[in-house]
$ cat upload-v4.tsv   # TSV, C-alpha atoms
chain	number	residue	atom	x	y	z
A	1	MET	CA	-19.59	7.68	3.80
A	2	ALA	CA	-19.55	9.57	0.57
A	3	GLU	CA	-16.24	9.13	-1.15
A	4	VAL	CA	-15.82	12.20	-3.28
A	5	ASP	CA	-17.81	14.58	-1.24
A	6	SER	CA	-16.89	17.11	1.32
A	7	GLY	CA	-18.78	20.04	2.62
A	8	PRO	CA	-21.60	21.67	0.72
A	9	VAL	CA	-21.85	20.99	-2.98
A	10	GLU	CA	-20.93	24.42	-4.23
A	11	PRO	CA	-18.35	25.73	-6.63
A	12	GLN	CA	-16.21	27.49	-4.03
A	13	ALA	CA	-15.82	24.56	-1.70
A	14	ARG	CA	-12.82	22.39	-2.23
A	15	HIS	CA	-13.54	18.73	-2.72
A	16	VAL	CA	-11.37	16.38	-0.81
A	17	VAL	CA	-11.28	12.71	-1.64
A	18	TYR	CA	-11.54	10.53	1.42
A	19	CYS	CA	-10.25	7.01	1.54
A	20	GLY	CA	-13.00	4.44	1.28
A	21	VAL	CA	-11.25	2.08	3.68
A	22	CYS	CA	-10.13	4.20	6.60
A	23	THR	CA	-12.09	7.42	5.77
A	24	LEU	CA	-9.03	9.64	6.21
A	25	PRO	CA	-7.70	11.80	3.41
A	26	PRO	CA	-5.46	9.43	1.39
A	27	GLU	CA	-2.25	11.12	2.40
A	28	TYR	CA	-2.92	10.13	6.00
A	29	CYS	CA	-3.75	6.51	5.17
A	30	GLU	CA	-0.32	5.38	6.31
A	31	PHE	CA	-1.33	6.29	9.85
A	32	GLY	CA	-4.73	4.67	9.75
A	33	GLY	CA	-3.64	1.10	10.48
A	34	THR	CA	-4.91	-0.37	7.21
A	35	ALA	CA	-2.27	1.12	4.95
A	36	LYS	CA	-2.06	-1.79	2.53
A	37	LYS	CA	-5.77	-1.96	1.92
A	38	CYS	CA	-6.00	1.79	1.58
A	39	GLU	CA	-3.30	1.74	-1.04
A	40	ASP	CA	-5.12	-0.86	-3.09
A	41	TRP	CA	-8.36	1.05	-2.81
A	42	LEU	CA	-6.78	4.29	-3.94
A	43	LYS	CA	-5.02	2.61	-6.84
A	44	GLU	CA	-8.29	1.25	-8.06
A	45	LYS	CA	-10.49	4.29	-7.51
A	46	HIS	CA	-8.21	7.29	-7.96
A	47	SER	CA	-5.12	6.17	-9.81
A	48	ASP	CA	-3.99	9.75	-10.36
A	49	LEU	CA	-3.81	10.37	-6.63
A	50	TRP	CA	-2.15	7.04	-6.14
A	51	GLU	CA	0.63	8.08	-8.51
A	52	GLY	CA	1.35	11.14	-6.41
A	53	LEU	CA	1.33	9.40	-3.06
A	54	TYR	CA	2.82	5.99	-3.58
A	55	SER	CA	5.35	6.52	-6.36
A	56	GLU	CA	8.90	5.74	-5.30
A	57	ASP	CA	10.01	9.34	-5.20
A	58	ALA	CA	7.26	10.28	-2.84
A	59	VAL	CA	7.96	7.41	-0.49
A	60	THR	CA	11.67	8.10	-0.26
A	61	ALA	CA	11.05	11.81	0.18
A	62	ASN	CA	8.80	11.00	3.11
A	63	LEU	CA	11.32	8.77	4.78
A	64	SER	CA	14.32	11.01	4.41
A	65	THR	CA	12.90	13.67	6.68
A	66	LEU	CA	13.05	11.48	9.76
A	67	SER	CA	15.99	10.23	11.72
A	68	VAL	CA	16.68	6.51	11.50
A	69	SER	CA	15.67	5.64	15.03
A	70	ALA	CA	12.45	7.62	14.75
A	71	GLN	CA	11.74	5.83	11.50
A	72	GLU	CA	12.18	2.48	13.15
A	73	ARG	CA	9.93	3.40	15.99
A	74	ALA	CA	7.27	4.68	13.63
A	75	ALA	CA	7.47	1.53	11.55
A	76	LYS	CA	7.14	-0.63	14.63
A	77	ASP	CA	4.18	1.38	15.78
A	78	ALA	CA	2.51	1.13	12.39
A	79	ALA	CA	3.03	-2.62	12.29
A	80	LYS	CA	1.49	-2.98	15.71
A	81	LYS	CA	-1.48	-0.91	14.72
A	82	GLU	CA	-1.97	-2.89	11.56
A	83	ALA	CA	-1.84	-6.18	13.43
A	84	LYS	CA	-4.40	-4.89	15.87
A	85	ALA	CA	-6.74	-3.81	13.09
A	86	ALA	CA	-6.40	-7.16	11.34
A	87	GLN	CA	-7.07	-8.97	14.57
A	88	SER	CA	-10.20	-7.06	15.37
A	89	GLU	CA	-11.44	-7.61	11.85
A	90	ALA	CA	-10.89	-11.34	12.13
A	91	ARG	CA	-12.70	-11.38	15.44
A	92	ASP	CA	-15.56	-9.49	13.92
A	93	ALA	CA	-15.86	-11.90	11.02
A	94	GLU	CA	-15.81	-14.85	13.38
A	95	LYS	CA	-18.51	-13.34	15.49
A	96	LYS	CA	-20.63	-12.76	12.45
A	97	ALA	CA	-20.22	-16.32	11.25
A	98	ALA	CA	-21.13	-17.73	14.64
A	99	SER	CA	-24.15	-15.60	15.43
A	100	LYS	CA	-27.62	-16.07	14.14
A	101	VAL	CA	-30.56	-13.86	13.40
A	102	LEU	CA	-33.54	-15.34	15.17
A	103	ILE	CA	-37.01	-14.67	13.88
A	104	LYS	CA	-39.43	-15.81	16.51
A	105	ARG	CA	-43.17	-16.13	16.29
A	106	VAL	CA	-44.65	-15.48	19.67
A	107	GLU	CA	-48.28	-16.14	20.48
A	108	ARG	CA	-49.90	-13.13	21.96
A	109	ASN	CA	-53.53	-14.11	22.28
A	110	LYS	CA	-54.66	-17.45	20.85
A	111	ARG	CA	-54.81	-16.64	17.20
A	112	LYS	CA	-52.77	-13.46	17.34
A	113	TYR	CA	-49.02	-13.36	17.00
A	114	VAL	CA	-46.12	-11.02	17.16
A	115	THR	CA	-42.84	-11.60	15.40
A	116	VAL	CA	-39.69	-10.98	17.36
A	117	ILE	CA	-36.38	-10.48	15.57
A	118	ILE	CA	-33.17	-10.81	17.53
A	119	GLY	CA	-29.53	-10.40	16.62
A	120	LEU	CA	-29.50	-8.00	13.69
A	121	GLU	CA	-27.06	-5.60	15.30
A	122	VAL	CA	-24.22	-8.09	14.98
A	123	PHE	CA	-24.51	-7.79	11.23
A	124	GLY	CA	-24.13	-4.06	11.25
A	125	LEU	CA	-27.78	-3.23	10.94
A	126	GLU	CA	-29.47	-0.70	13.11
A	127	ASN	CA	-32.42	-2.14	14.96
A	128	LYS	CA	-34.31	1.10	15.17
A	129	LYS	CA	-34.14	1.77	11.46
A	130	ILE	CA	-34.98	-1.79	10.48
A	131	ALA	CA	-37.97	-1.67	12.79
A	132	LYS	CA	-39.23	1.43	11.07
A	133	ASP	CA	-38.70	-0.08	7.64
A	134	LEU	CA	-40.50	-3.27	8.59
A	135	GLY	CA	-43.41	-1.29	9.92
A	136	LYS	CA	-43.66	0.54	6.63
A	137	LYS	CA	-43.29	-2.62	4.61
A	138	PHE	CA	-45.96	-4.62	6.38
A	139	ALA	CA	-48.12	-1.70	7.47
A	140	THR	CA	-48.12	-2.92	11.04
A	141	GLY	CA	-46.83	-1.75	14.34
A	142	SER	CA	-43.14	-2.40	14.64
A	143	SER	CA	-40.75	-1.21	17.25
A	144	MET	CA	-37.42	-1.79	18.84
A	145	THR	CA	-37.87	-3.14	22.32
A	146	ARG	CA	-35.55	-4.26	25.03
A	147	SER	CA	-35.94	-7.77	26.30
A	148	PRO	CA	-35.81	-8.23	30.08
A	149	ALA	CA	-32.19	-9.30	29.74
A	150	GLY	CA	-31.41	-5.95	28.17
A	151	ALA	CA	-30.79	-7.15	24.64
A	152	GLU	CA	-32.31	-5.24	21.78
A	153	GLU	CA	-34.96	-6.86	19.67
A	154	ILE	CA	-37.53	-5.85	17.10
A	155	THR	CA	-41.16	-6.66	17.68
A	156	VAL	CA	-43.44	-6.65	14.69
A	157	GLN	CA	-47.16	-7.10	15.12
A	158	GLY	CA	-48.66	-10.01	13.27
A	159	ASP	CA	-47.20	-13.26	12.05
A	160	VAL	CA	-44.81	-12.14	9.36
A	161	SER	CA	-41.82	-14.34	10.09
A	162	ASP	CA	-41.51	-15.75	6.55
A	163	ASP	CA	-41.98	-12.35	5.00
A	164	VAL	CA	-39.40	-10.84	7.31
A	165	ARG	CA	-36.92	-13.44	6.25
A	166	ASP	CA	-37.57	-12.85	2.58
A	167	TRP	CA	-37.36	-9.10	3.07
A	168	LEU	CA	-34.10	-9.36	4.99
A	169	LEU	CA	-32.55	-11.47	2.26
A	170	GLU	CA	-33.78	-9.18	-0.43
A	171	VAL	CA	-32.84	-5.85	1.09
A	172	HIS	CA	-29.95	-6.71	3.37
A	173	GLY	CA	-28.86	-9.95	1.74
A	174	ASP	CA	-25.36	-8.61	1.33
A	175	LYS	CA	-24.96	-8.28	5.08
A	176	VAL	CA	-26.93	-11.22	6.42
A	177	PRO	CA	-26.20	-14.63	4.89
A	178	GLU	CA	-29.19	-16.88	4.47
A	179	ALA	CA	-27.65	-19.66	6.53
A	180	ASN	CA	-27.55	-17.39	9.56
A	181	ILE	CA	-31.27	-16.73	9.67
A	182	GLU	CA	-33.33	-19.03	11.75
A	183	LEU	CA	-37.09	-19.18	12.13
A	184	ILE	CA	-38.46	-20.31	15.44
A	185	GLU	CA	-42.02	-21.03	16.42
A	186	ASP	CA	-42.91	-20.08	19.88
A	187	LYS	CA	-42.34	-22.75	22.46
A	188	LYS	CA	-45.30	-21.79	24.50
A	189	LYS	CA	-47.60	-22.75	21.70
A	190	LYS	CA	-46.12	-26.23	21.43
A	191	LYS	CA	-46.56	-26.74	25.13
A	192	ALA	CA	-50.14	-25.66	24.86
A	193	GLU	CA	-50.74	-28.17	22.09
A	194	ALA	CA	-49.11	-30.90	24.08
A	195	ALA	CA	-51.41	-30.13	26.97
A	196	VAL	CA	-54.45	-30.55	24.73
B	1	MET	CA	-12.01	15.03	23.32
B	2	PHE	CA	-13.58	12.51	21.02
B	3	LYS	CA	-11.23	9.58	21.41
B	4	LYS	CA	-14.08	7.18	21.94
B	5	GLU	CA	-16.71	6.29	19.40
B	6	ILE	CA	-19.72	8.53	19.73
B	7	PRO	CA	-23.02	6.74	19.99
B	8	SER	CA	-25.62	8.12	17.64
B	9	SER	CA	-27.90	10.25	19.72
B	10	ASN	CA	-30.97	12.28	19.29
B	11	ARG	CA	-30.94	15.36	17.17
B	12	SER	CA	-33.19	18.34	17.09
B	13	LYS	CA	-33.91	21.23	14.80
B	14	VAL	CA	-32.44	24.53	15.81
B	15	LYS	CA	-34.72	27.51	16.07
B	16	SER	CA	-34.12	29.96	13.29
B	17	SER	CA	-33.42	32.76	15.73
B	18	VAL	CA	-30.79	30.64	17.43
B	19	GLN	CA	-29.46	29.73	14.03
B	20	ARG	CA	-28.98	33.39	13.18
B	21	GLY	CA	-27.12	33.88	16.44
B	22	LEU	CA	-24.86	30.93	15.76
B	23	ARG	CA	-24.12	32.17	12.30
B	24	GLN	CA	-23.12	35.54	13.67
B	25	LYS	CA	-20.98	33.92	16.32
B	26	LEU	CA	-19.24	31.76	13.74
B	27	LEU	CA	-18.46	34.81	11.67
B	28	ASP	CA	-17.22	36.74	14.68
B	29	THR	CA	-14.93	33.92	15.70
B	30	TYR	CA	-13.70	33.11	12.20
B	31	PRO	CA	-13.71	36.10	9.90
B	32	GLY	CA	-12.10	33.78	7.35
B	33	PHE	CA	-15.44	32.13	6.70
B	34	GLU	CA	-17.04	35.42	5.72
B	35	PRO	CA	-16.90	34.93	1.92
B	36	TYR	CA	-18.24	31.40	2.16
B	37	ILE	CA	-20.91	31.73	4.80
B	38	GLU	CA	-23.74	31.59	2.29
B	39	GLU	CA	-22.42	28.26	1.10
B	40	ILE	CA	-21.75	26.86	4.51
B	41	MET	CA	-24.93	27.98	6.21
B	42	PRO	CA	-27.52	29.17	3.72
B	43	LYS	CA	-30.12	31.30	5.46
B	44	LYS	CA	-32.88	28.92	4.49
B	45	ALA	CA	-31.21	25.66	5.43
B	46	SER	CA	-32.44	24.00	8.57
B	47	LEU	CA	-29.67	23.53	11.04
B	48	GLU	CA	-29.73	20.48	13.27
B	49	ALA	CA	-28.13	20.09	16.64
B	50	VAL	CA	-26.73	16.73	17.71
B	51	LYS	CA	-25.78	16.20	21.31
B	52	LEU	CA	-22.31	14.84	21.92
B	53	PRO	CA	-20.74	13.71	25.16
B	54	GLU	CA	-19.24	16.26	27.56
B	55	ARG	CA	-21.93	18.85	26.92
B	56	THR	CA	-20.79	19.47	23.41
B	57	THR	CA	-23.19	20.12	20.57
B	58	LEU	CA	-22.56	19.34	16.94
B	59	TYR	CA	-24.35	21.38	14.30
B	60	THR	CA	-25.15	19.81	10.96
B	61	ILE	CA	-27.04	20.63	7.81
B	62	ASP	CA	-28.41	17.68	5.86
B	63	SER	CA	-26.12	15.29	7.73
B	64	THR	CA	-23.07	17.30	6.77
B	65	PRO	CA	-21.23	18.19	9.94
B	66	LEU	CA	-20.38	21.88	10.15
B	67	PHE	CA	-19.00	22.70	13.54
B	68	PHE	CA	-19.22	21.69	17.16
B	69	GLN	CA	-19.41	23.79	20.22
B	70	PRO	CA	-18.26	22.79	23.68
B	71	PHE	CA	-20.41	23.99	26.50
B	72	ASP	CA	-18.14	26.85	27.45
B	73	GLY	CA	-16.10	27.53	24.35
B	74	PRO	CA	-16.27	29.02	20.91
B	75	PRO	CA	-17.62	26.97	18.01
B	76	ILE	CA	-14.93	24.84	16.36
B	77	PRO	CA	-15.33	23.83	12.72
B	78	HIS	CA	-15.47	20.16	11.84
B	79	LEU	CA	-12.42	18.93	9.94
B	80	LYS	CA	-14.50	18.26	6.85
B	81	LEU	CA	-15.48	21.91	6.77
B	82	ILE	CA	-11.88	22.92	7.15
B	83	HIS	CA	-10.89	20.62	4.32
B	84	ALA	CA	-13.42	22.32	2.12
B	85	TYR	CA	-12.30	25.83	3.08
B	86	PRO	CA	-8.69	25.48	4.16
B	87	ASN	CA	-7.91	29.16	4.31
B	88	ALA	CA	-10.55	30.16	6.78
B	89	LEU	CA	-8.51	29.39	9.88
B	90	PRO	CA	-5.01	30.31	10.97
B	91	THR	CA	-2.82	27.29	10.39
B	92	ILE	CA	0.28	25.95	12.05
B	93	GLN	CA	2.31	22.93	11.02
B	94	ILE	CA	3.77	19.97	12.87
B	95	ASP	CA	6.70	17.85	11.81
B	96	ARG	CA	6.35	14.39	10.42
B	97	GLY	CA	7.35	12.59	13.56
B	98	ALA	CA	4.42	14.03	15.45
B	99	ILE	CA	1.70	12.94	13.05
B	100	ARG	CA	1.25	9.46	14.40
B	101	PHE	CA	0.90	10.75	17.93
B	102	VAL	CA	-1.61	13.36	16.93
B	103	LEU	CA	-3.67	10.85	14.98
B	104	SER	CA	-3.83	8.56	17.97
B	105	GLY	CA	-5.17	11.34	20.13
B	106	ALA	CA	-2.16	12.55	22.10
B	107	ALA	CA	-1.92	16.14	23.24
B	108	LEU	CA	0.01	18.33	20.84
B	109	MET	CA	3.38	19.29	22.29
B	110	ALA	CA	5.48	22.32	21.40
B	111	PRO	CA	8.58	20.48	20.04
B	112	GLY	CA	6.50	19.13	17.16
B	113	LEU	CA	5.94	22.72	16.07
B	114	THR	CA	9.29	24.32	16.79
B	115	SER	CA	11.40	21.62	15.09
B	116	PRO	CA	12.58	22.13	11.47
B	117	GLY	CA	9.55	20.34	10.04
B	118	GLY	CA	7.07	22.44	11.95
B	119	ARG	CA	5.94	25.92	11.07
B	120	LEU	CA	4.65	28.73	13.24
B	121	PRO	CA	3.52	32.17	12.12
B	122	ASP	CA	6.05	34.97	12.51
B	123	SER	CA	5.76	37.38	15.38
B	124	GLU	CA	3.62	39.83	13.44
B	125	HIS	CA	0.92	37.23	12.99
B	126	ALA	CA	1.35	35.61	16.37
B	127	ILE	CA	-1.60	33.60	17.60
B	128	GLU	CA	-2.68	34.03	21.19
B	129	ALA	CA	-3.53	31.24	23.58
B	130	GLY	CA	-7.22	30.43	23.48
B	131	GLN	CA	-7.57	30.86	19.74
B	132	VAL	CA	-8.75	28.04	17.54
B	133	VAL	CA	-6.21	26.91	14.96
B	134	ALA	CA	-5.98	24.23	12.33
B	135	VAL	CA	-2.90	22.03	12.36
B	136	LYS	CA	-1.33	20.78	9.17
B	137	ALA	CA	1.45	18.23	8.89
B	138	GLU	CA	4.81	18.31	7.22
B	139	GLY	CA	4.57	17.01	3.66
B	140	LYS	CA	0.77	16.84	3.73
B	141	ASN	CA	-1.77	19.17	2.25
B	142	GLU	CA	-4.71	18.50	4.49
B	143	VAL	CA	-5.37	19.62	8.02
B	144	CYS	CA	-5.20	16.82	10.57
B	145	LEU	CA	-6.15	18.50	13.82
B	146	VAL	CA	-8.19	21.44	15.01
B	147	GLY	CA	-8.55	22.81	18.49
B	148	THR	CA	-7.92	25.59	20.93
B	149	LEU	CA	-4.36	26.68	21.64
B	150	LYS	CA	-3.13	26.44	25.21
B	151	GLN	CA	-0.02	28.47	24.51
B	152	GLY	CA	0.54	31.49	22.35
B	153	THR	CA	2.82	30.92	19.39
B	154	GLU	CA	5.41	33.38	20.69
B	155	GLU	CA	5.53	31.56	24.00
B	156	MET	CA	6.09	28.29	22.16
B	157	LYS	CA	9.02	29.73	20.29
B	158	ALA	CA	10.52	31.03	23.51
B	159	LYS	CA	10.00	27.96	25.66
B	160	GLY	CA	9.86	25.18	23.11
B	161	LYS	CA	8.15	22.70	25.37
B	162	GLY	CA	4.90	21.88	27.07
B	163	VAL	CA	1.39	21.08	25.93
B	164	VAL	CA	0.18	23.24	23.08
B	165	MET	CA	-3.23	21.75	22.51
B	166	ASP	CA	-5.17	19.01	24.17
B	167	GLU	CA	-8.72	18.00	23.50
B	168	GLY	CA	-8.61	18.66	19.80
B	169	HIS	CA	-10.61	17.14	17.01
B	170	PHE	CA	-8.26	14.99	14.93
B	171	LEU	CA	-8.57	12.83	11.85
B	172	GLY	CA	-10.06	9.46	12.65
B	173	ASP	CA	-11.46	10.26	16.08
B	174	GLY	CA	-14.94	9.49	17.25
B	175	LEU	CA	-16.39	12.67	15.82
B	176	TRP	CA	-14.73	12.06	12.48
B	177	ARG	CA	-16.07	8.51	12.31
B	178	MET	CA	-19.51	9.44	13.48
B	179	ILE	CA	-22.17	8.40	11.02
B	180	LEU	CA	-24.75	11.08	10.46
B	181	ASP	CA	-27.78	10.04	8.51
$ encode --input "upload-v4.tsv" --output "structure tokens"
Amino acid sequence: MAEVDSGPVEPQARHVVYCGVCTLPPEYCEFGGTAKKCEDWLKEKHSDLWEGLYSEDAVTANLSTLSVSAQERAAKDAAKKEAKAAQSEARDAEKKAASKVLIKRVERNKRKYVTVIIGLEVFGLENKKIAKDLGKKFATGSSMTRSPAGAEEITVQGDVSDDVRDWLLEVHGDKVPEANIELIEDKKKKKAEAAV
Amino acid sequence: MFKKEIPSSNRSKVKSSVQRGLRQKLLDTYPGFEPYIEEIMPKKASLEAVKLPERTTLYTIDSTPLFFQPFDGPPIPHLKLIHAYPNALPTIQIDRGAIRFVLSGAALMAPGLTSPGGRLPDSEHAIEAGQVVAVKAEGKNEVCLVGTLKQGTEEMKAKGKGVVMDEGHFLGDGLWRMILD
């Protein structure tokens, strides 16, 4: 999301700054569930706005307009929301740490292979877009397919597993840690070798 | 209306004849956009339609959301468009206590508007039921909700209770969080 951008880029349009954390206009951050983080973000990026919103006068002026009981209820609600947001974030991080991106080399026809990539969506990448990018990068067919179980995966023609890994680390290295990428050779092939 | 996250769905270019029609319709519904229409929808720009749930269509130009149109209703501007041109729509104001309910998707109720913190237009500028209004909040500058009124403003003042607006587009809902690129 663009931070200092709203509507068409023309002189008449007003530009509204949106919070980089919760995407709301900063004055509504307190209702977004991540108030603390939003405040830090605003202080860092737009200190002038921060002055106006979080200075002591502003805060007390905000509070005085509500009755005490309503204030308490609102505070309780906000705390609950914040806890929920923090919880879901923690869960997300855990999930990310536990899951792996599998890059599989699957034998298609003796000496021909396809590379199957599974598990990118957990890391916030969009399978369809990555598939397109990979196709462009390697100049091969590349598509998002659904495995029989219904999970999304990317199938790239040709054996490019090492290149895919390097590319992922280079382009999306900030999202996918190296330790979470795993290369797998197809099992079928090993069986075939064992049979010979 | 958009409480849930909206999955990114397919989009399509809008025919230029349809685009002209939409532009006219937007101007008819919101005369306030008249001075800005060239900026909002330049004649040359290619408008894209994105399908949303519940037979609603969102219109965008270059992944900037402009307005959405329910199947059977008038077009409603996206909040980002309203933020850019805040004077284009009639505005009412809710009190501070109501903000948190509105931002979590509750229906807007009349007491939030008739209380001291709220503001309604005087009887000369009364807004009828069925009109689209933007809703500001006490102590805030930006609009936080937009939608169709279920009650006229005069009726609200007289009765002071009941649902004023449900199914609005509010800050932080699925449509707001939708990623368009």
$ closest_residue --input "upload-v4.tsv" --among "B:Lys15, B:Val146, B:His78, B:Tyr85" --to "B:Val102" --atoms "all atoms listed in the file"
B:Val146
$ residues_near_point --input "upload-v4.tsv" --point "(-39.4, -5.8, 5.6)" --cutoff "7 Å" --atoms "all atoms listed in the file" --output "PyMOL selection string"
chain A and resi 133-134+137-138+164+167-168
$ write_last_selection --input "upload-v4.tsv" --atoms "C-alpha atoms" --output "PDB file, keeping the file's coordinate frame"
ATOM      1  CA  ASP A 133     -38.700  -0.080   7.640  1.00  0.00           C
ATOM      2  CA  LEU A 134     -40.500  -3.270   8.590  1.00  0.00           C
ATOM      3  CA  LYS A 137     -43.290  -2.620   4.610  1.00  0.00           C
ATOM      4  CA  PHE A 138     -45.960  -4.620   6.380  1.00  0.00           C
ATOM      5  CA  VAL A 164     -39.400 -10.840   7.310  1.00  0.00           C
ATOM      6  CA  TRP A 167     -37.360  -9.100   3.070  1.00  0.00           C
ATOM      7  CA  LEU A 168     -34.100  -9.360   4.990  1.00  0.00           C
TER       8      LEU A 168
END
$ interface_residues --input "upload-v4.tsv" --of "chain B" --to "chain A" --cutoff "8 Å" --atoms "only C-alpha atoms" --output "PyMOL selection string"
chain B and resi 36+39-40+64-66+80-81+83-85+96-97+99-100+103+139-140+142+171-172+177+179
$ residues_around --input "upload-v4.tsv" --residues "B:Ala107" --least-positions-apart "5" --cutoff "12 Å" --atoms "all atoms listed in the file" --output "list in words"
Met1, Lys3, Ala98, Ile99, Arg100, Phe101, Val102, Gly112, Leu145, Val146, Gly147, Thr148, Leu149, Lys150, Gly162, Val163, Val164, Met165, Asp166, Glu167, Gly168, His169 and Phe170 of chain B
$ atom_distance --input "upload-v4.tsv" --atom1 "atom CA of B:Ile82" --atom2 "atom CA of B:Asp62"
17.4 Å
$ closest_residue --input "upload-v4.tsv" --among "A:Arg105, A:Lys100, A:His46, A:Lys81" --to "A:Glu178" --atoms "all atoms listed in the file"
A:Lys100
$ residues_around --input "upload-v4.tsv" --residues "B:Gln69" --least-positions-apart "5" --cutoff "7 Å" --atoms "only C-alpha atoms" --output "PDB file with C-alpha atoms, in the frame of the given file"
ATOM      1  CA  THR B  56     -20.790  19.470  23.410  1.00  0.00           C
ATOM      2  CA  THR B  57     -23.190  20.120  20.570  1.00  0.00           C
ATOM      3  CA  LEU B  58     -22.560  19.340  16.940  1.00  0.00           C
ATOM      4  CA  PRO B  74     -16.270  29.020  20.910  1.00  0.00           C
ATOM      5  CA  PRO B  75     -17.620  26.970  18.010  1.00  0.00           C
ATOM      6  CA  ILE B  76     -14.930  24.840  16.360  1.00  0.00           C
TER       7      ILE B  76
END
$ atom_distance --input "upload-v4.tsv" --atom1 "atom CA of B:Gln151" --atom2 "atom CA of B:Gly130"
7.5 Å
$ closest_residue --input "upload-v4.tsv" --among "B:Ile92, B:Leu175, B:Ala158, B:Leu113" --to "B:Val135" --atoms "all atoms listed in the file"
B:Ile92
$ atom_distance --input "upload-v4.tsv" --atom1 "atom CA of B:Asn87" --atom2 "atom CA of B:Glu34"
11.2 Å
$ closest_atom_pairs --input "upload-v4.tsv" --of "stretch 107-138 of chain B" --to "stretch 19-29 of chain B" --cutoff "12 Å" --atoms "only C-alpha atoms" --output "CSV"
residue,atom,partner,partner_atom,distance
B:Gly130,CA,B:Thr29,CA,11.5
B:Gln131,CA,B:Thr29,CA,8.9
B:Val132,CA,B:Thr29,CA,8.7
B:Val133,CA,B:Thr29,CA,11.2
$ residues_around --input "upload-v4.tsv" --residues "B:Ala45" --least-positions-apart "2" --cutoff "9 Å" --atoms "all atoms listed in the file" --output "ChimeraX atom specification"
/B:41-43,47,61-62
$ closest_residue --input "upload-v4.tsv" --among "A:Ile103, A:Glu185, A:Leu120, A:Asp92" --to "A:His172" --atoms "all atoms listed in the file"
A:Leu120
$ closest_residue --input "upload-v4.tsv" --among "A:Ser88, A:Gly33, A:Glu126, A:Cys19" --to "B:Ser104" --atoms "all atoms listed in the file"
A:Gly33
$ closest_residue --input "upload-v4.tsv" --among "A:Ser47, A:Ser55, A:Gln87, A:Thr115" --to "A:Ser161" --atoms "all atoms listed in the file"
A:Thr115
$ residues_around --input "upload-v4.tsv" --residues "A:Asp159" --least-positions-apart "4" --cutoff "12 Å" --atoms "all atoms listed in the file" --output "VMD selection string"
chain A and resid 103 to 108 111 to 117 138 140 to 142 155 163 to 165 183 to 186
$ write_last_selection --input "upload-v4.tsv" --atoms "C-alpha atoms" --output "mmCIF file, in the coordinates of the input"
data_model
loop_
_atom_site.group_PDB
_atom_site.id
_atom_site.type_symbol
_atom_site.label_atom_id
_atom_site.label_comp_id
_atom_site.auth_asym_id
_atom_site.auth_seq_id
_atom_site.Cartn_x
_atom_site.Cartn_y
_atom_site.Cartn_z
ATOM 1 C CA ILE A 103 -37.010 -14.670 13.880
ATOM 2 C CA LYS A 104 -39.430 -15.810 16.510
ATOM 3 C CA ARG A 105 -43.170 -16.130 16.290
ATOM 4 C CA VAL A 106 -44.650 -15.480 19.670
ATOM 5 C CA GLU A 107 -48.280 -16.140 20.480
ATOM 6 C CA ARG A 108 -49.900 -13.130 21.960
ATOM 7 C CA ARG A 111 -54.810 -16.640 17.200
ATOM 8 C CA LYS A 112 -52.770 -13.460 17.340
ATOM 9 C CA TYR A 113 -49.020 -13.360 17.000
ATOM 10 C CA VAL A 114 -46.120 -11.020 17.160
ATOM 11 C CA THR A 115 -42.840 -11.600 15.400
ATOM 12 C CA VAL A 116 -39.690 -10.980 17.360
ATOM 13 C CA ILE A 117 -36.380 -10.480 15.570
ATOM 14 C CA PHE A 138 -45.960 -4.620 6.380
ATOM 15 C CA THR A 140 -48.120 -2.920 11.040
ATOM 16 C CA GLY A 141 -46.830 -1.750 14.340
ATOM 17 C CA SER A 142 -43.140 -2.400 14.640
ATOM 18 C CA THR A 155 -41.160 -6.660 17.680
ATOM 19 C CA ASP A 163 -41.980 -12.350 5.000
ATOM 20 C CA VAL A 164 -39.400 -10.840 7.310
ATOM 21 C CA ARG A 165 -36.920 -13.440 6.250
ATOM 22 C CA LEU A 183 -37.090 -19.180 12.130
ATOM 23 C CA ILE A 184 -38.460 -20.310 15.440
ATOM 24 C CA GLU A 185 -42.020 -21.030 16.420
ATOM 25 C CA ASP A 186 -42.910 -20.080 19.880
#
